[in-house]
Number of protein chains: 2
Amino acid sequence: MLDDPILFPRHGGALAAASERHGVAVGGWLDLSTGINSHPYPVLDGLETELHRLPDPAELATLTEVARDAYGAQRNVAVTAVPGTDLALRLLPLLAPPGPVTILGPTYSGHAEAWRDGGRDVRVAKALDAISADSRVVVVVNPNNPDGRRLTPGALLAMAARLATVGGLLVVDEAFADLEPEGSVLPHLAGEPIVVLRSFGKFYGLAGLRLGFALGDADVIARLGRLVGDWPVSGTAIRLGRRALADTDWQATARARLRSGRERLVGILTAAGLGIAGGTDLFQLAVAPDAVSLHESLARQGVWTRIFDDQPGRIRFGLPADDQFDRLAAALPEAR
Amino acid sequence: MLDDPILFPRHGGALAAASERHGVAVGGWLDLSTGINSHPYPVLDGLETELHRLPDPAELATLTEVARDAYGAQRNVAVTAVPGTDLALRLLPLLAPPGPVTILGPTYSGHAEAWRDGGRDVRVAKALDAISADSRVVVVVNPNNPDGRRLTPGALLAMAARLATVGGLLVVDEAFADLEPEGSVLPHLAGEPIVVLRSFGKFYGLAGLRLGFALGDADVIARLGRLVGDWPVSGTAIRLGRRALADTDWQATARARLRSGRERLVGILTAAGLGIAGGTDLFQLAVAPDAVSLHESLARQGVWTRIFDDQPGRIRFGLPADDQFDRLAAALPEAR
């Protein structure tokens, strides 16, 4: 069962395969399998003109400057735009110092995949103080997916200081940090061997755009930038990214909306008798001894959630769109 | 002068820097510095919905199948989509067999950059029979940019057979092969150590979309696919790519239009006293002993062309849009 690729897919989404298994039309799903904002940043008209020509290096430079400011990093922190942080994290094993890698887990499976593909000895630790002393690279998702575990900037800087003494590198995947920017390590960076990944698609609800950023360690970021070349992201991504990252009004409204949505989701899950193991304002990880059958029963009702082969008894719910909470609330009692 | 980054930029486009140097408004240029179709594949409405969710792996799989068919490769040829072939060619040094690299040149500068960044010993050969016998990797752009030099599929297969005996790899960049598909090596692939790069943005006039494909050698393509991950290209790229690559009517019309446009461009260049060194239906390389001053004089009139530090006395003109030929025809006598 653990190797069933539809029950335990590599990622959320993948609705075509789920549709075939569960007899639900592709357009009929309430897709709660990802942590992507259902109320996206508005995509205005005229974007198609950005598709015709090659993006100008000057526009890309502006985008990365806007991103650095939006994320609160100092002006001397290196930054490069990438076509999604998933691609960036897969390139990091080619750029990071050699040696054993410890991932704080369980977490997003792409990290372990990437480092194993890169031929690394990969260990998983449950806490920072359980990381073996010979680790040259440490990978932390913060806040963590799927359980929302948070580490303070101070704890991360201390880990980076330890890694600096052995020529190591700390990778901090801040895919969900837009929801709680006060927890980001980026404003504190001052030359430590840290690479921070920031996803654009999740908070801004534009996952199909393929945009993200890598910031921090000057040498690693410079080499990553050369690897992805002079046109790493689309013209549409440059234009939307520049606008959205500077739009602090929209960001504040979206944060408040997601926060109250999370409270509503927790209420629905609790009312259905599920405990909450953790989460962020874009997803909640619920405790359910019958997670597999709950996931499948919800799927038959067209509600697509995620369960994890390394976390039995847990089921993750992405935040529904405002008009979809009732559908989830109605499906849960049916499913249990 | 050879290290002047505006006179000899890394790539075409980059109009922001050119505008500052020459006092031309960014929107006022006739940009002939790239080889991108000025009459793009139509971008219909509704594409913004593709930006919101993560592209489904099933949709990506359909795109790569459509691409393989469109390019005439057999069904058993491996293929992966990439966010632009420029990114793919920069990753190839990490995936190809070790050893010296020979590039058939002069050609697109990104190839040499990428292999040098990868720590390779890079040589440039002027012809296939001048390639040193110890080369493990050979890189050919076919048709070549900027001079349009063409190699037959048979010559490329013979080179691949030679490389196969030493565990080597042949990289064929077919960025401009859509214009003359009968010259592609892809329909002839049968297990040779060949990786072919196909650009989507040039022929379809959608360079800002960031879409391309790598096809061929099963091992290299599989590892490239894992490196770029499960969401290598945007939802917009998947939707437009699937449609455009299967639209043989549009392709035939575009080829005919570009062919007659090339004839018109050759006529204008010849009337201005320039010789033709070669080219494709998307650009022409002209012979001009005064290439630098001609380039700068055209720039002052808002016409942006390319000159090359490794090809003195040559100037490259991209194909103007149908309603822009007259502007070029008027600017050339002024410039000479």
# chains A, B, ... in the order shown; residues from 1 in each chain; ligands from 1

call {"tool": "residues_around", "arguments": {"residues": "Asp45 in chain A", "least_positions_apart": "6", "cutoff": "12 Å", "atoms": "only C-alpha atoms", "output": "JSON, numbers by chain"}}
result
{"A": [236, 239, 240], "B": [44, 45, 46, 47, 48]}

call {"tool": "closest_atom_pairs", "arguments": {"of": "chain A", "to": "chain B", "cutoff": "7 Å", "atoms": "only C-alpha atoms", "output": "tab-separated table"}}
result
residue	atom	partner	partner_atom	distance
A:Gly13	CA	B:Asp56	CA	6.5
A:Ala14	CA	B:Asp56	CA	4.9
A:Leu15	CA	B:Asp56	CA	6.8
A:Ala16	CA	B:Ala58	CA	6.3
A:Pro40	CA	B:His52	CA	6.9
A:Val43	CA	B:Glu48	CA	6.6
A:Glu48	CA	B:Val43	CA	6.6
A:Glu50	CA	B:Gly208	CA	6.0
A:Leu51	CA	B:Gly208	CA	4.0
A:His52	CA	B:Leu206	CA	4.3
A:Arg53	CA	B:Gly208	CA	5.1
A:Leu54	CA	B:Gly208	CA	4.8
A:Pro55	CA	B:Gly208	CA	5.8
A:Asp56	CA	B:Ala14	CA	4.9
A:Pro57	CA	B:Ala14	CA	5.9
A:Ala58	CA	B:Ala16	CA	6.2
A:Asp86	CA	B:Gly229	CA	6.7
A:Leu87	CA	B:Val228	CA	5.2
A:Arg90	CA	B:Leu227	CA	5.6
A:Leu91	CA	B:Leu227	CA	6.6
A:Gly205	CA	B:His52	CA	5.6
A:Leu206	CA	B:His52	CA	4.3
A:Ala207	CA	B:Leu54	CA	5.1
A:Gly208	CA	B:Leu51	CA	4.0
A:Leu209	CA	B:Leu51	CA	4.9
A:Arg210	CA	B:Ser234	CA	5.5
A:Leu227	CA	B:Arg90	CA	5.6
A:Val228	CA	B:Leu87	CA	5.2
A:Gly229	CA	B:Leu87	CA	5.9
A:Val233	CA	B:Arg210	CA	6.7
A:Ser234	CA	B:Leu209	CA	5.1
A:Gly235	CA	B:Gly208	CA	4.9

call {"tool": "closest_residue", "arguments": {"among": "A:Pro187, A:Ala70, A:Glu174, A:Gly167", "to": "Arg149 in chain A", "atoms": "only C-alpha atoms"}}
result
A:Glu174

call {"tool": "calpha_fit_and_write", "arguments": {"fixed": "chain B", "moving": "chain A", "output": "compact mmCIF listing (two decimals) with C-alpha atoms, in the first residue's frame"}}
result
# COMPACT_ATOMS: atom_id res chain seq x y z
CA MET A 1 36.07 47.63 -27.38
CA LEU A 2 35.64 43.85 -27.46
CA ASP A 3 34.71 43.90 -23.79
CA ASP A 4 32.03 46.59 -24.19
CA PRO A 5 28.93 44.82 -22.82
CA ILE A 6 26.49 46.96 -24.77
CA LEU A 7 28.33 46.69 -28.10
CA PHE A 8 28.83 42.94 -27.59
CA PRO A 9 26.10 41.89 -25.18
CA ARG A 10 25.82 38.28 -24.06
CA HIS A 11 22.57 37.96 -25.97
CA GLY A 12 20.14 39.79 -28.20
CA GLY A 13 17.40 41.89 -26.66
CA ALA A 14 18.64 43.71 -23.53
CA LEU A 15 17.02 46.88 -24.83
CA ALA A 16 17.10 48.73 -21.50
CA ALA A 17 20.89 49.06 -21.62
CA ALA A 18 20.85 49.86 -25.35
CA SER A 19 18.24 52.57 -24.77
CA GLU A 20 20.42 54.28 -22.20
CA ARG A 21 23.46 54.20 -24.47
CA HIS A 22 21.77 55.37 -27.64
CA GLY A 23 19.03 57.65 -26.36
CA VAL A 24 16.18 55.60 -27.86
CA ALA A 25 12.97 54.98 -25.91
CA VAL A 26 12.60 51.32 -24.87
CA GLY A 27 9.34 51.13 -26.83
CA GLY A 28 10.84 52.86 -29.88
CA TRP A 29 13.19 50.14 -31.08
CA LEU A 30 12.98 48.02 -34.17
CA ASP A 31 14.56 45.06 -32.40
CA LEU A 32 16.37 42.89 -34.96
CA SER A 33 18.87 41.57 -32.41
CA THR A 34 17.16 38.22 -31.91
CA GLY A 35 15.91 35.40 -34.13
CA ILE A 36 12.37 35.33 -32.82
CA ASN A 37 9.30 35.16 -35.05
CA SER A 38 7.58 38.58 -35.00
CA HIS A 39 4.23 37.02 -35.89
CA PRO A 40 3.66 34.84 -32.85
CA TYR A 41 1.38 31.91 -32.36
CA PRO A 42 -1.92 33.39 -31.11
CA VAL A 43 -2.33 33.56 -27.36
CA LEU A 44 -6.02 33.08 -26.70
CA ASP A 45 -7.95 34.25 -23.68
CA GLY A 46 -8.40 32.25 -20.52
CA LEU A 47 -4.76 31.35 -20.09
CA GLU A 48 -4.64 32.95 -16.67
CA THR A 49 -6.52 30.02 -15.16
CA GLU A 50 -3.46 27.89 -15.96
CA LEU A 51 -1.41 30.07 -13.61
CA HIS A 52 -3.36 29.31 -10.46
CA ARG A 53 -2.80 25.63 -9.87
CA LEU A 54 0.20 23.37 -10.15
CA PRO A 55 0.45 21.83 -13.62
CA ASP A 56 -0.80 18.23 -13.52
CA PRO A 57 1.87 15.59 -14.33
CA ALA A 58 -0.60 14.09 -16.83
CA GLU A 59 -0.74 17.38 -18.76
CA LEU A 60 3.05 17.61 -18.80
CA ALA A 61 3.24 14.04 -20.11
CA THR A 62 0.86 14.91 -22.92
CA LEU A 63 2.96 17.95 -23.81
CA THR A 64 6.14 15.90 -24.12
CA GLU A 65 4.34 13.29 -26.25
CA VAL A 66 2.97 15.99 -28.56
CA ALA A 67 6.46 17.47 -28.85
CA ARG A 68 8.04 14.11 -29.69
CA ASP A 69 5.50 13.56 -32.44
CA ALA A 70 5.79 17.12 -33.75
CA TYR A 71 9.56 16.79 -34.01
CA GLY A 72 9.28 13.46 -35.82
CA ALA A 73 11.10 11.39 -33.22
CA GLN A 74 10.24 7.73 -32.67
CA ARG A 75 7.97 6.85 -29.73
CA ASN A 76 10.85 5.27 -27.79
CA VAL A 77 12.96 8.45 -27.81
CA ALA A 78 13.23 10.02 -24.35
CA VAL A 79 12.04 13.62 -24.00
CA THR A 80 11.77 16.16 -21.23
CA ALA A 81 10.32 19.66 -21.17
CA VAL A 82 12.54 22.47 -19.90
CA PRO A 83 11.92 26.16 -19.08
CA GLY A 84 13.92 27.22 -22.14
CA THR A 85 16.75 25.34 -23.85
CA ASP A 86 19.19 27.91 -22.51
CA LEU A 87 18.66 26.44 -19.07
CA ALA A 88 18.95 22.89 -20.44
CA LEU A 89 22.27 23.53 -22.17
CA ARG A 90 23.65 24.98 -18.92
CA LEU A 91 22.73 21.77 -17.08
CA LEU A 92 24.22 19.42 -19.68
CA PRO A 93 27.82 19.80 -18.40
CA LEU A 94 26.60 18.29 -15.12
CA LEU A 95 25.08 15.29 -16.88
CA ALA A 96 27.39 14.53 -19.81
CA PRO A 97 30.37 12.16 -19.76
CA PRO A 98 33.56 13.76 -18.41
CA GLY A 99 36.36 14.91 -20.67
CA PRO A 100 37.24 17.53 -23.28
CA VAL A 101 34.49 19.33 -25.17
CA THR A 102 34.65 20.58 -28.74
CA ILE A 103 32.14 23.13 -29.99
CA LEU A 104 31.63 23.71 -33.69
CA GLY A 105 32.02 27.48 -33.88
CA PRO A 106 31.69 30.37 -33.96
CA THR A 107 28.20 29.85 -32.57
CA TYR A 108 25.85 30.79 -29.72
CA SER A 109 28.15 31.80 -26.86
CA GLY A 110 26.07 30.15 -24.15
CA HIS A 111 27.41 26.70 -25.00
CA ALA A 112 31.08 27.56 -24.35
CA GLU A 113 30.12 29.51 -21.22
CA ALA A 114 28.21 26.56 -19.81
CA TRP A 115 30.94 23.97 -20.39
CA ARG A 116 33.67 26.29 -19.05
CA ASP A 117 31.51 26.94 -15.97
CA GLY A 118 31.38 23.16 -15.62
CA GLY A 119 35.17 23.07 -15.48
CA ARG A 120 35.61 21.52 -18.92
CA ASP A 121 38.49 21.91 -21.35
CA VAL A 122 36.60 23.61 -24.21
CA ARG A 123 37.93 23.83 -27.76
CA VAL A 124 36.30 25.45 -30.78
CA ALA A 125 36.55 23.70 -34.17
CA LYS A 126 35.56 25.23 -37.49
CA ALA A 127 34.45 21.95 -39.09
CA LEU A 128 33.48 18.42 -38.06
CA ASP A 129 36.71 16.97 -39.49
CA ALA A 130 38.76 19.42 -37.42
CA ILE A 131 37.44 18.04 -34.13
CA SER A 132 40.28 16.58 -32.06
CA ALA A 133 40.12 12.82 -31.62
CA ASP A 134 40.20 12.98 -27.82
CA SER A 135 36.95 14.98 -27.59
CA ARG A 136 34.39 13.21 -25.40
CA VAL A 137 31.62 15.73 -26.01
CA VAL A 138 30.87 17.55 -29.27
CA VAL A 139 28.39 20.44 -29.49
CA VAL A 140 26.82 21.46 -32.80
CA VAL A 141 24.18 24.12 -33.44
CA ASN A 142 22.26 23.06 -36.56
CA PRO A 143 21.36 25.16 -38.49
CA ASN A 144 24.08 27.28 -36.94
CA ASN A 145 23.58 30.68 -35.36
CA PRO A 146 24.60 33.18 -36.72
CA ASP A 147 25.95 31.88 -40.04
CA GLY A 148 23.34 29.26 -40.92
CA ARG A 149 25.91 26.50 -41.54
CA ARG A 150 24.07 23.19 -41.93
CA LEU A 151 25.18 19.63 -41.27
CA THR A 152 23.28 16.66 -42.62
CA PRO A 153 21.69 14.11 -40.29
CA GLY A 154 24.10 11.57 -41.82
CA ALA A 155 27.16 13.61 -40.81
CA LEU A 156 25.80 13.98 -37.28
CA LEU A 157 25.02 10.28 -36.95
CA ALA A 158 28.56 9.45 -38.10
CA MET A 159 29.98 11.79 -35.46
CA ALA A 160 27.72 10.19 -32.83
CA ALA A 161 28.92 6.72 -33.86
CA ARG A 162 32.52 7.84 -33.36
CA LEU A 163 31.67 9.33 -29.95
CA ALA A 164 29.82 6.14 -28.96
CA THR A 165 33.09 4.18 -29.18
CA VAL A 166 34.62 6.38 -26.44
CA GLY A 167 31.50 6.71 -24.26
CA GLY A 168 31.01 10.27 -25.47
CA LEU A 169 28.01 12.46 -26.25
CA LEU A 170 26.91 14.61 -29.18
CA VAL A 171 24.81 17.67 -28.35
CA VAL A 172 22.78 19.06 -31.27
CA ASP A 173 21.13 22.43 -30.62
CA GLU A 174 18.29 22.61 -33.15
CA ALA A 175 17.04 26.01 -31.98
CA PHE A 176 16.17 27.03 -35.55
CA ALA A 177 15.26 23.62 -37.01
CA ASP A 178 11.50 24.34 -37.07
CA LEU A 179 12.16 26.42 -40.18
CA GLU A 180 13.52 23.43 -42.07
CA PRO A 181 12.43 20.26 -40.24
CA GLU A 182 13.80 18.03 -43.00
CA GLY A 183 17.29 18.83 -41.67
CA SER A 184 16.58 17.58 -38.12
CA VAL A 185 18.43 14.56 -36.80
CA LEU A 186 15.50 13.65 -34.54
CA PRO A 187 13.61 11.34 -36.94
CA HIS A 188 16.82 9.29 -37.32
CA LEU A 189 17.58 8.72 -33.63
CA ALA A 190 17.94 5.05 -32.73
CA GLY A 191 19.83 4.83 -29.46
CA GLU A 192 22.87 6.93 -30.39
CA PRO A 193 24.49 9.05 -27.65
CA ILE A 194 22.85 12.22 -28.92
CA VAL A 195 20.96 14.92 -27.02
CA VAL A 196 18.93 17.28 -29.20
CA LEU A 197 17.69 20.64 -27.88
CA ARG A 198 14.56 22.17 -29.40
CA SER A 199 13.61 25.76 -28.64
CA PHE A 200 9.89 26.57 -28.62
CA GLY A 201 10.02 30.35 -28.33
CA LYS A 202 11.79 31.28 -31.54
CA PHE A 203 9.63 29.77 -34.28
CA TYR A 204 6.39 30.24 -32.35
CA GLY A 205 7.34 33.82 -31.41
CA LEU A 206 6.87 33.14 -27.68
CA ALA A 207 10.36 33.60 -26.28
CA GLY A 208 9.03 35.07 -23.03
CA LEU A 209 7.09 31.86 -22.32
CA ARG A 210 10.26 29.88 -21.50
CA LEU A 211 9.61 26.48 -23.05
CA GLY A 212 11.91 24.03 -24.76
CA PHE A 213 12.62 20.33 -25.02
CA ALA A 214 15.57 17.99 -24.72
CA LEU A 215 15.31 14.66 -26.54
CA GLY A 216 17.51 11.64 -27.17
CA ASP A 217 20.00 9.75 -24.99
CA ALA A 218 17.83 7.90 -22.48
CA ASP A 219 20.20 8.19 -19.52
CA VAL A 220 21.02 11.89 -19.93
CA ILE A 221 17.39 12.85 -20.57
CA ALA A 222 16.18 10.87 -17.55
CA ARG A 223 18.69 12.57 -15.27
CA LEU A 224 17.88 15.99 -16.77
CA GLY A 225 14.19 15.30 -16.18
CA ARG A 226 14.82 14.54 -12.50
CA LEU A 227 16.94 17.70 -12.16
CA VAL A 228 14.22 19.99 -13.51
CA GLY A 229 11.58 18.20 -11.44
CA ASP A 230 7.87 17.62 -11.83
CA TRP A 231 6.87 21.21 -12.69
CA PRO A 232 9.61 22.39 -15.05
CA VAL A 233 7.39 24.69 -17.11
CA SER A 234 4.40 26.93 -16.47
CA GLY A 235 0.77 25.94 -16.95
CA THR A 236 0.60 28.49 -19.75
CA ALA A 237 3.56 26.86 -21.48
CA ILE A 238 1.91 23.44 -21.26
CA ARG A 239 -1.36 24.67 -22.71
CA LEU A 240 0.15 26.80 -25.50
CA GLY A 241 2.81 24.22 -26.29
CA ARG A 242 0.31 21.39 -26.68
CA ARG A 243 -1.80 23.47 -29.01
CA ALA A 244 0.94 25.05 -31.11
CA LEU A 245 3.04 21.92 -31.61
CA ALA A 246 0.02 20.10 -33.01
CA ASP A 247 -1.12 23.01 -35.20
CA THR A 248 0.41 21.97 -38.52
CA ASP A 249 -1.67 24.52 -40.45
CA TRP A 250 -0.24 27.43 -38.48
CA GLN A 251 3.24 25.94 -38.78
CA ALA A 252 3.02 25.69 -42.59
CA THR A 253 1.71 29.25 -42.89
CA ALA A 254 4.42 30.56 -40.57
CA ARG A 255 7.17 28.77 -42.50
CA ALA A 256 5.97 30.25 -45.80
CA ARG A 257 5.67 33.70 -44.29
CA LEU A 258 9.17 33.55 -42.78
CA ARG A 259 10.62 32.23 -46.06
CA SER A 260 9.23 35.13 -48.07
CA GLY A 261 10.25 37.51 -45.28
CA ARG A 262 13.82 36.22 -45.50
CA GLU A 263 13.81 36.87 -49.26
CA ARG A 264 12.61 40.41 -48.62
CA LEU A 265 15.29 40.93 -45.95
CA VAL A 266 18.03 39.64 -48.26
CA GLY A 267 16.78 42.05 -50.93
CA ILE A 268 16.98 45.02 -48.56
CA LEU A 269 20.44 44.09 -47.28
CA THR A 270 21.77 43.50 -50.80
CA ALA A 271 20.30 46.78 -52.05
CA ALA A 272 22.20 48.50 -49.24
CA GLY A 273 25.41 46.99 -50.57
CA LEU A 274 25.79 44.28 -47.93
CA GLY A 275 26.89 40.76 -48.81
CA ILE A 276 25.18 37.75 -47.22
CA ALA A 277 27.35 35.33 -45.26
CA GLY A 278 24.51 32.97 -44.41
CA GLY A 279 21.50 32.63 -42.14
CA THR A 280 18.11 31.05 -41.64
CA ASP A 281 14.57 32.25 -42.27
CA LEU A 282 14.65 34.03 -38.89
CA PHE A 283 17.94 35.95 -39.30
CA GLN A 284 20.60 36.80 -41.85
CA LEU A 285 24.29 37.34 -41.23
CA ALA A 286 25.58 40.14 -43.46
CA VAL A 287 29.15 40.94 -44.50
CA ALA A 288 30.11 44.50 -43.53
CA PRO A 289 33.73 45.57 -43.00
CA ASP A 290 32.31 48.48 -41.00
CA ALA A 291 30.05 46.25 -38.89
CA VAL A 292 30.70 48.08 -35.62
CA SER A 293 29.98 51.56 -36.96
CA LEU A 294 27.01 50.26 -38.96
CA HIS A 295 25.57 48.63 -35.81
CA GLU A 296 26.01 51.86 -33.84
CA SER A 297 24.63 54.08 -36.55
CA LEU A 298 21.57 51.85 -36.89
CA ALA A 299 21.19 51.91 -33.11
CA ARG A 300 21.08 55.70 -33.10
CA GLN A 301 18.13 55.34 -35.50
CA GLY A 302 16.46 52.88 -33.13
CA VAL A 303 17.34 49.72 -35.07
CA TRP A 304 18.98 47.15 -32.79
CA THR A 305 21.14 44.50 -34.49
CA ARG A 306 23.87 42.17 -33.30
CA ILE A 307 27.59 42.09 -33.89
CA PHE A 308 29.92 39.47 -32.47
CA ASP A 309 33.34 39.79 -30.84
CA ASP A 310 34.47 36.55 -32.50
CA GLN A 311 33.22 37.52 -35.99
CA PRO A 312 34.55 40.93 -37.06
CA GLY A 313 33.05 42.29 -40.26
CA ARG A 314 29.73 40.53 -39.69
CA ILE A 315 26.37 41.92 -38.53
CA ARG A 316 23.21 39.89 -37.87
CA PHE A 317 19.70 41.07 -38.75
CA GLY A 318 16.66 39.33 -37.31
CA LEU A 319 13.63 39.18 -39.58
CA PRO A 320 11.48 42.33 -39.13
CA ALA A 321 7.72 42.09 -38.70
CA ASP A 322 5.88 42.51 -42.01
CA ASP A 323 5.17 46.20 -41.37
CA GLN A 324 8.73 46.99 -40.27
CA PHE A 325 10.75 46.12 -43.39
CA ASP A 326 10.36 49.66 -44.71
CA ARG A 327 11.83 51.12 -41.52
CA LEU A 328 14.92 48.96 -41.93
CA ALA A 329 15.14 49.78 -45.63
CA ALA A 330 15.04 53.49 -44.81
CA ALA A 331 17.56 53.26 -41.97
CA LEU A 332 20.27 51.34 -43.83
CA PRO A 333 21.26 54.05 -46.40
CA GLU A 334 21.30 56.61 -43.57
CA ALA A 335 23.61 54.38 -41.57
CA ARG A 336 26.22 53.63 -44.23

call {"tool": "select_by_dssp", "arguments": {"residues": "range 51-81 of chain B", "states": "helix (DSSP H, G or I)", "output": "ChimeraX atom specification"}}
result
/B:51,57-70
